[in-house]
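Engineer: If you scroll down you'll find the structure; I have some questions about it.
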Amino acid sequence: MRSEPVPHPFDLTHPAREQLPVMFDSPHSGRFYPVDFRMKPPLAVMRRGEDAYVDRLIADACEAGVTVLAATYPRCYIDANRDPDDLDYELLSEPWPTPLKPTNKTRRGLGLVRRYLTPGVEVHRDKLTVAEVRHRLDRVYWPYHRALDDALDRLQSAHGFVWHIDWHSMKSVGNGMTPDAGKTRADIVIGDLDGRSCDSALTALLAESFRALGYRVALNDPYKGAAIVRRHGAPHRNRHSIQIEINRALYLDEAAVEPSNGFDKLRADIATVTARVVEAAKARLR
Ligand SMILES: [Zn+2]
């Protein structure tokens with residue numbers, strides 16, 4: 001295998017000036033495809049598995065005082081928004097040494113390591129060894145989680161509470177691998193595990209802020225939040241975590257995986273929503 005320059009497994013940006021108890025992360029927008037990722041489809045097709053450019057949509061938040069974390073490796077390689085044992089036996093060339101707990105997501109091909117890009121389209125050319133999956137966990141998955149854990153711990157101990165927003169984008173229409181096959185989706189889907197992952201005031205603030213800008217907002221349908229929000233959403237401990245899914249039709253040419261004409265407007269609108277979140281967090285500190 002030829003050697004290649006490898007990026008850090010994440011980009012973590014701290015605000016230059018005032019640091020507030022608000023953190024954003026984007027676990028699915030990574031676009032560095034390493035040579036050990038033996039992909040079956042061509043790169044241009046593989047890229048449709050990304051929450052493409054979500055990192056750029058939220059990048060302005062740093063100037064408003066928000067700490068921002070973004071993955072650099074693609075979610076099909078290893079998915080930080082899954083539990084580490086949510087792995088498909090069928091992907092492996094040999095037995096996994098400890099018990100696995102594959103969930104419905106894995107059964108649909110969307111587990112810790114992605115099996116299908118779209119229904120029937122396999123991600124990997126051949127099966128993976130235990131060492132290969134462990135390499136992905138050690139090199140990418142755990143460093144991402146440690147960075148998120150550490151930043152949230154630090155912000156919470158400095159301010160007494162923290163608001164965390166886990167940002168994603170979704171296909172404009174569900175397919176056979178999602179719970180809503182064939183359905184057209186809202187512009188923005190906010191997931192708070194049916195009210196369990198954060199203060200309801202944060203959910204309401206986000207929903208109202210997007211609606212005020214003209215977006216169609218749905219709550220917990222079809223996405224309620226996954227492993228990251230489950231891991232960090234503990235409102236009784238003053239740690240609030242919420243997921244936002246953005247409809248890709250708003251900002252992306254979904255087939256070409258390139259920003260569309262809507263990108264700049266959406267980016268500006270996200271900055272407006274961010275400003276409202278920051279304002280509310282500041283009010284809570286006073
Ligand atoms: Zn995502």
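The chains in the structure tokens are called A, B, ... from first to last as shown; in each chain the residues are counted from 1, and the ligands are counted from 1 in the order shown.
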Set out as a tab-separated table a contact list for chain A and ligand 1 with a cut-off of 6 Å, giving each residue of chain A that qualifies its closest atom pair and distance in Å to one decimal, counting only C-alpha atoms and all ligand atoms, ordered by chain and rising residue number.
Structural biologist:
residue	atom	partner	partner_atom_place_in_ligand_line	distance
A:His28	CA	ligand 1	1 (Zn)	4.9
A:Asp51	CA	ligand 1	1 (Zn)	5.5
A:His168	CA	ligand 1	1 (Zn)	4.2
A:Ser169	CA	ligand 1	1 (Zn)	5.6
Engineer: Do you know which residues are at most 12 Å from range 123-134 of chain A counting only C-alpha atoms, after dropping those on the same chain fewer than 4 positions away, and could you put them as number ranges by chain?
Structural biologist: A: 36-43, 45-49, 74-79, 84-85, 87-98, 109-119, 138-142
Engineer: Convert the current residue selection to file output with C-alpha atoms, as a JSON list (two decimals), in the first residue's frame.
Structural biologist:
[["chain", "number", "residue", "atom", "x", "y", "z"],
["A", 36, "ASP", "CA", -7.28, 1.43, 2.74],
["A", 37, "PHE", "CA", -10.99, 2.10, 2.06],
["A", 38, "ARG", "CA", -11.56, -0.47, -0.69],
["A", 39, "MET", "CA", -14.76, 1.03, -2.06],
["A", 40, "LYS", "CA", -16.90, -0.70, -4.65],
["A", 41, "PRO", "CA", -18.65, 2.30, -6.27],
["A", 42, "PRO", "CA", -16.61, 5.09, -7.88],
["A", 43, "LEU", "CA", -15.75, 8.05, -5.67],
["A", 45, "VAL", "CA", -21.06, 7.88, -6.33],
["A", 46, "MET", "CA", -19.62, 7.17, -2.87],
["A", 47, "ARG", "CA", -19.78, 10.86, -2.09],
["A", 48, "ARG", "CA", -23.61, 10.69, -2.12],
["A", 49, "GLY", "CA", -23.25, 9.01, 1.26],
["A", 74, "PRO", "CA", -16.39, 9.80, 5.44],
["A", 75, "ARG", "CA", -19.24, 8.30, 7.44],
["A", 76, "CYS", "CA", -19.27, 5.20, 5.19],
["A", 77, "TYR", "CA", -15.71, 4.40, 6.40],
["A", 78, "ILE", "CA", -16.71, 4.56, 10.06],
["A", 79, "ASP", "CA", -19.73, 6.30, 11.57],
["A", 84, "PRO", "CA", -19.17, 0.89, 18.57],
["A", 85, "ASP", "CA", -20.85, -2.54, 18.68],
["A", 87, "LEU", "CA", -21.63, -3.65, 13.49],
["A", 88, "ASP", "CA", -22.79, -6.02, 10.75],
["A", 89, "TYR", "CA", -21.33, -9.56, 10.96],
["A", 90, "GLU", "CA", -21.77, -9.79, 7.20],
["A", 91, "LEU", "CA", -19.11, -7.12, 6.63],
["A", 92, "LEU", "CA", -16.43, -9.22, 8.33],
["A", 93, "SER", "CA", -14.14, -11.91, 6.93],
["A", 94, "GLU", "CA", -13.66, -13.43, 10.39],
["A", 95, "PRO", "CA", -15.53, -13.52, 13.74],
["A", 96, "TRP", "CA", -15.55, -10.38, 15.90],
["A", 97, "PRO", "CA", -13.92, -11.29, 19.22],
["A", 98, "THR", "CA", -16.65, -9.83, 21.46],
["A", 109, "GLY", "CA", -27.09, -1.31, 5.94],
["A", 110, "LEU", "CA", -26.36, 1.87, 7.91],
["A", 111, "GLY", "CA", -24.38, 0.60, 10.90],
["A", 112, "LEU", "CA", -21.01, 1.55, 12.38],
["A", 113, "VAL", "CA", -19.42, 0.59, 9.07],
["A", 114, "ARG", "CA", -21.81, 1.19, 6.22],
["A", 115, "ARG", "CA", -22.79, -1.85, 4.15],
["A", 116, "TYR", "CA", -25.05, -0.29, 1.52],
["A", 117, "LEU", "CA", -24.77, 3.14, -0.03],
["A", 118, "THR", "CA", -28.29, 2.98, -1.46],
["A", 119, "PRO", "CA", -30.57, -0.06, -1.58],
["A", 138, "ASP", "CA", -8.77, 3.71, 16.80],
["A", 139, "ARG", "CA", -7.76, 6.10, 14.05],
["A", 140, "VAL", "CA", -11.08, 7.93, 13.49],
["A", 141, "TYR", "CA", -14.00, 6.95, 15.72],
["A", 142, "TRP", "CA", -12.54, 7.18, 19.21]]
Engineer: Could you pull the residues within 6 Å of Thr72 in chain A, counting only C-alpha atoms, minus those fewer than 4 positions along the same chain, as a list of chain:residue names?
Structural biologist: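 Those residues are A:Pro9, A:Phe10, A:Gly30, A:Phe32.
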Engineer: Residues of the last selection are to be written out with N, CA and C atoms, as an mmCIF file, in the first residue's frame.
Structural biologist:
data_model
loop_
_atom_site.group_PDB
_atom_site.id
_atom_site.type_symbol
_atom_site.label_atom_id
_atom_site.label_comp_id
_atom_site.auth_asym_id
_atom_site.auth_seq_id
_atom_site.Cartn_x
_atom_site.Cartn_y
_atom_site.Cartn_z
ATOM 1 N N PRO A 9 -8.118 13.159 12.362
ATOM 2 C CA PRO A 9 -9.462 12.589 12.190
ATOM 3 C C PRO A 9 -10.607 13.587 12.388
ATOM 4 N N PHE A 10 -10.297 14.797 12.802
ATOM 5 C CA PHE A 10 -11.366 15.804 12.960
ATOM 6 C C PHE A 10 -10.748 17.189 12.873
ATOM 7 N N GLY A 30 -17.287 14.397 6.440
ATOM 8 C CA GLY A 30 -15.900 14.138 6.052
ATOM 9 C C GLY A 30 -15.797 13.678 4.600
ATOM 10 N N PHE A 32 -12.432 12.825 3.143
ATOM 11 C CA PHE A 32 -11.103 12.259 2.880
ATOM 12 C C PHE A 32 -11.246 10.733 2.803
#
Engineer: According to DSSP computed on the backbone, where in range 89-180 of chain A is there helix (DSSP H, G or I)? Give the residues as a ChimeraX atom specification.
Structural biologist: /A:89-91,104-107,130-159
Engineer: For the selection you just gave me, I'd like the residues written to a file as a tab-separated table (two decimals), in the first residue's frame, keeping C-alpha atoms.
Structural biologist:
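That gives us again-v2.tsv:
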chain	number	residue	atom	x	y	z
A	89	TYR	CA	-21.33	-9.56	10.96
A	90	GLU	CA	-21.77	-9.79	7.20
A	91	LEU	CA	-19.11	-7.12	6.63
A	104	ASN	CA	-32.13	-1.79	12.96
A	105	LYS	CA	-29.74	0.71	11.41
A	106	THR	CA	-27.22	-2.06	10.77
A	107	ARG	CA	-29.98	-4.30	9.44
A	130	VAL	CA	-11.14	-7.38	12.54
A	131	ALA	CA	-7.84	-5.45	12.42
A	132	GLU	CA	-9.16	-3.19	9.65
A	133	VAL	CA	-12.31	-2.26	11.57
A	134	ARG	CA	-10.26	-1.76	14.74
A	135	HIS	CA	-7.93	0.54	12.81
A	136	ARG	CA	-10.94	2.66	11.79
A	137	LEU	CA	-12.18	2.76	15.38
A	138	ASP	CA	-8.77	3.71	16.80
A	139	ARG	CA	-7.76	6.10	14.05
A	140	VAL	CA	-11.08	7.93	13.49
A	141	TYR	CA	-14.00	6.95	15.72
A	142	TRP	CA	-12.54	7.18	19.21
A	143	PRO	CA	-10.49	10.36	18.57
A	144	TYR	CA	-13.68	12.07	17.33
A	145	HIS	CA	-15.59	11.00	20.42
A	146	ARG	CA	-12.80	12.02	22.77
A	147	ALA	CA	-12.66	15.47	21.15
A	148	LEU	CA	-16.42	15.89	21.54
A	149	ASP	CA	-16.45	14.57	25.12
A	150	ASP	CA	-13.54	16.81	26.16
A	151	ALA	CA	-14.92	19.97	24.58
A	152	LEU	CA	-18.39	19.45	26.10
A	153	ASP	CA	-16.90	18.66	29.53
A	154	ARG	CA	-14.77	21.78	29.40
A	155	LEU	CA	-17.61	24.08	28.31
A	156	GLN	CA	-19.97	22.61	30.88
A	157	SER	CA	-17.54	22.94	33.76
A	158	ALA	CA	-16.76	26.55	32.75
A	159	HIS	CA	-20.41	27.63	32.41
Engineer: Which residues, written as a list in words, have at least one atom at most 12 Å from Val277 in chain A, with only C-alpha atoms counted and residues fewer than 5 positions away on the same chain left out?
Structural biologist: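 The filter keeps Leu20, Pro21, Val22, Met23, Phe24, Ala61, Ala64, Gly65, Val66, Val162, Trp163, His164, Ile165, Ala201, Leu202, Thr203, Ala204, Leu205, Leu206, Ala207, Glu208, Ser209, Phe210, Ile270, Ala271, Thr272, Lys282, Ala283 and Arg284 of chain A.
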Engineer: For Gly191 in chain A, find every residue with an atom within 12 Å (counting only C-alpha atoms), except residues of its own chain fewer than 4 positions away, and show them as a VMD selection string.
Structural biologist: chain A and resid 165 to 168 195 to 198 200 202 to 204 206 to 207 217 to 230 233 241 to 246
Engineer: Please dump the current selection as a CSV table (one decimal), in the first residue's frame; keep C-alpha atoms.
Structural biologist:
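Once written, selection.csv looks like this:
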chain,number,residue,atom,x,y,z
A,165,ILE,CA,-26.2,20.7,18.3
A,166,ASP,CA,-25.4,17.7,16.2
A,167,TRP,CA,-25.7,18.8,12.5
A,168,HIS,CA,-26.6,16.5,9.5
A,195,GLY,CA,-38.1,15.4,24.3
A,196,ARG,CA,-35.5,13.4,26.3
A,197,SER,CA,-32.2,14.8,25.0
A,198,CYS,CA,-32.5,18.5,25.9
A,200,SER,CA,-37.8,21.7,25.5
A,202,LEU,CA,-34.0,24.7,23.1
A,203,THR,CA,-36.1,22.5,20.8
A,204,ALA,CA,-38.7,25.3,20.6
A,206,LEU,CA,-34.6,26.1,17.1
A,207,ALA,CA,-38.0,25.2,15.6
A,217,VAL,CA,-39.8,22.1,10.3
A,218,ALA,CA,-40.7,18.7,11.6
A,219,LEU,CA,-39.9,17.3,15.0
A,220,ASN,CA,-38.5,13.8,15.5
A,221,ASP,CA,-40.0,12.6,12.2
A,222,PRO,CA,-38.4,10.7,10.5
A,223,TYR,CA,-35.2,11.3,12.6
A,224,LYS,CA,-35.2,11.4,16.4
A,225,GLY,CA,-31.5,11.5,16.9
A,226,ALA,CA,-28.9,8.7,17.1
A,227,ALA,CA,-25.9,7.6,19.1
A,228,ILE,CA,-24.3,11.1,19.5
A,229,VAL,CA,-27.4,12.7,20.9
A,230,ARG,CA,-28.1,9.6,23.1
A,233,GLY,CA,-28.3,14.4,25.9
A,241,SER,CA,-28.0,17.7,23.0
A,242,ILE,CA,-30.1,17.9,19.9
A,243,GLN,CA,-29.9,16.8,16.3
A,244,ILE,CA,-30.7,18.8,13.2
A,245,GLU,CA,-31.2,17.3,9.7
A,246,ILE,CA,-31.1,19.7,6.8
Engineer: Quick one: DSSP strand (DSSP E) residues in range 83-165 of chain A, as a VMD selection string?
Structural biologist: chain A and resid 116 to 118 121 to 122 162 to 165
Engineer: With N, CA, C and O atoms kept, could you save the residues just selected as a PDB file, in the first residue's frame?
Structural biologist:
ATOM      1  N   TYR A 116     -24.438  -0.707   2.789  1.00  0.00           N
ATOM      2  CA  TYR A 116     -25.046  -0.290   1.520  1.00  0.00           C
ATOM      3  C   TYR A 116     -25.064   1.227   1.406  1.00  0.00           C
ATOM      4  O   TYR A 116     -25.410   1.932   2.359  1.00  0.00           O
ATOM      5  N   LEU A 117     -24.715   1.704   0.215  1.00  0.00           N
ATOM      6  CA  LEU A 117     -24.772   3.142  -0.032  1.00  0.00           C
ATOM      7  C   LEU A 117     -26.218   3.555  -0.279  1.00  0.00           C
ATOM      8  O   LEU A 117     -26.740   4.496   0.322  1.00  0.00           O
ATOM      9  N   THR A 118     -26.852   2.847  -1.197  1.00  0.00           N
ATOM     10  CA  THR A 118     -28.287   2.978  -1.461  1.00  0.00           C
ATOM     11  C   THR A 118     -28.784   1.544  -1.573  1.00  0.00           C
ATOM     12  O   THR A 118     -27.964   0.615  -1.629  1.00  0.00           O
ATOM     13  N   VAL A 121     -26.756  -1.319  -3.326  1.00  0.00           N
ATOM     14  CA  VAL A 121     -25.421  -0.865  -3.766  1.00  0.00           C
ATOM     15  C   VAL A 121     -24.441  -1.007  -2.603  1.00  0.00           C
ATOM     16  O   VAL A 121     -24.471  -0.228  -1.642  1.00  0.00           O
ATOM     17  N   GLU A 122     -23.576  -2.009  -2.692  1.00  0.00           N
ATOM     18  CA  GLU A 122     -22.634  -2.268  -1.601  1.00  0.00           C
ATOM     19  C   GLU A 122     -21.516  -1.235  -1.561  1.00  0.00           C
ATOM     20  O   GLU A 122     -21.044  -0.787  -2.607  1.00  0.00           O
ATOM     21  N   VAL A 162     -24.308  23.167  29.021  1.00  0.00           N
ATOM     22  CA  VAL A 162     -23.862  23.265  27.622  1.00  0.00           C
ATOM     23  C   VAL A 162     -25.001  22.849  26.695  1.00  0.00           C
ATOM     24  O   VAL A 162     -25.781  21.950  27.009  1.00  0.00           O
ATOM     25  N   TRP A 163     -25.092  23.565  25.584  1.00  0.00           N
ATOM     26  CA  TRP A 163     -26.032  23.216  24.509  1.00  0.00           C
ATOM     27  C   TRP A 163     -25.213  22.691  23.338  1.00  0.00           C
ATOM     28  O   TRP A 163     -24.323  23.386  22.827  1.00  0.00           O
ATOM     29  N   HIS A 164     -25.532  21.498  22.925  1.00  0.00           N
ATOM     30  CA  HIS A 164     -24.802  20.871  21.819  1.00  0.00           C
ATOM     31  C   HIS A 164     -25.769  20.592  20.662  1.00  0.00           C
ATOM     32  O   HIS A 164     -26.829  20.001  20.869  1.00  0.00           O
ATOM     33  N   ILE A 165     -25.395  21.025  19.476  1.00  0.00           N
ATOM     34  CA  ILE A 165     -26.211  20.736  18.286  1.00  0.00           C
ATOM     35  C   ILE A 165     -25.396  19.857  17.332  1.00  0.00           C
ATOM     36  O   ILE A 165     -24.287  20.200  16.937  1.00  0.00           O
TER      37      ILE A 165
END
Engineer: What gap, in Å, lies between CA of Arg185 in chain A and CA of Ala52 in chain A?
Structural biologist: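 Separation of CA of Arg185 in chain A and CA of Ala52 in chain A: 17.5 Å.
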Engineer: For each of A:Glu63, A:Asp11, A:Asp180, A:Glu50, take the minimum atom-to-atom distance to Arg248 in chain A, counting only C-alpha atoms, then give the residue where this is smallest.
Structural biologist: A:Glu50
Engineer: Between A:Tyr73, A:Tyr53, A:Phe263, A:Tyr33, which residue has the minimum interatomic distance to Ala249 in chain A, considering only C-alpha atoms?
Structural biologist: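 Nearest candidate to Ala249 in chain A out of A:Tyr73, A:Tyr53, A:Phe263, A:Tyr33: A:Phe263.
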Engineer: For CA of Lys265 in chain A and CA of Arg31 in chain A, quote the distance in Å rounded to one decimal.
Structural biologist: 22.8 Å
Engineer: Restricting the calculation to only C-alpha atoms: of A:Thr178, A:Ala186, A:Glu258, A:Arg82, which residue gets closest to Lys101 in chain A?
Structural biologist: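 Checking each candidate against Lys101 in chain A, we get A:Arg82 as the closest.
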Engineer: So the first atom is CA of Ser172 in chain A and the second is CA of Asn261 in chain A; what is the distance between them in Å, to one decimal place?
Structural biologist: 16.0 Å
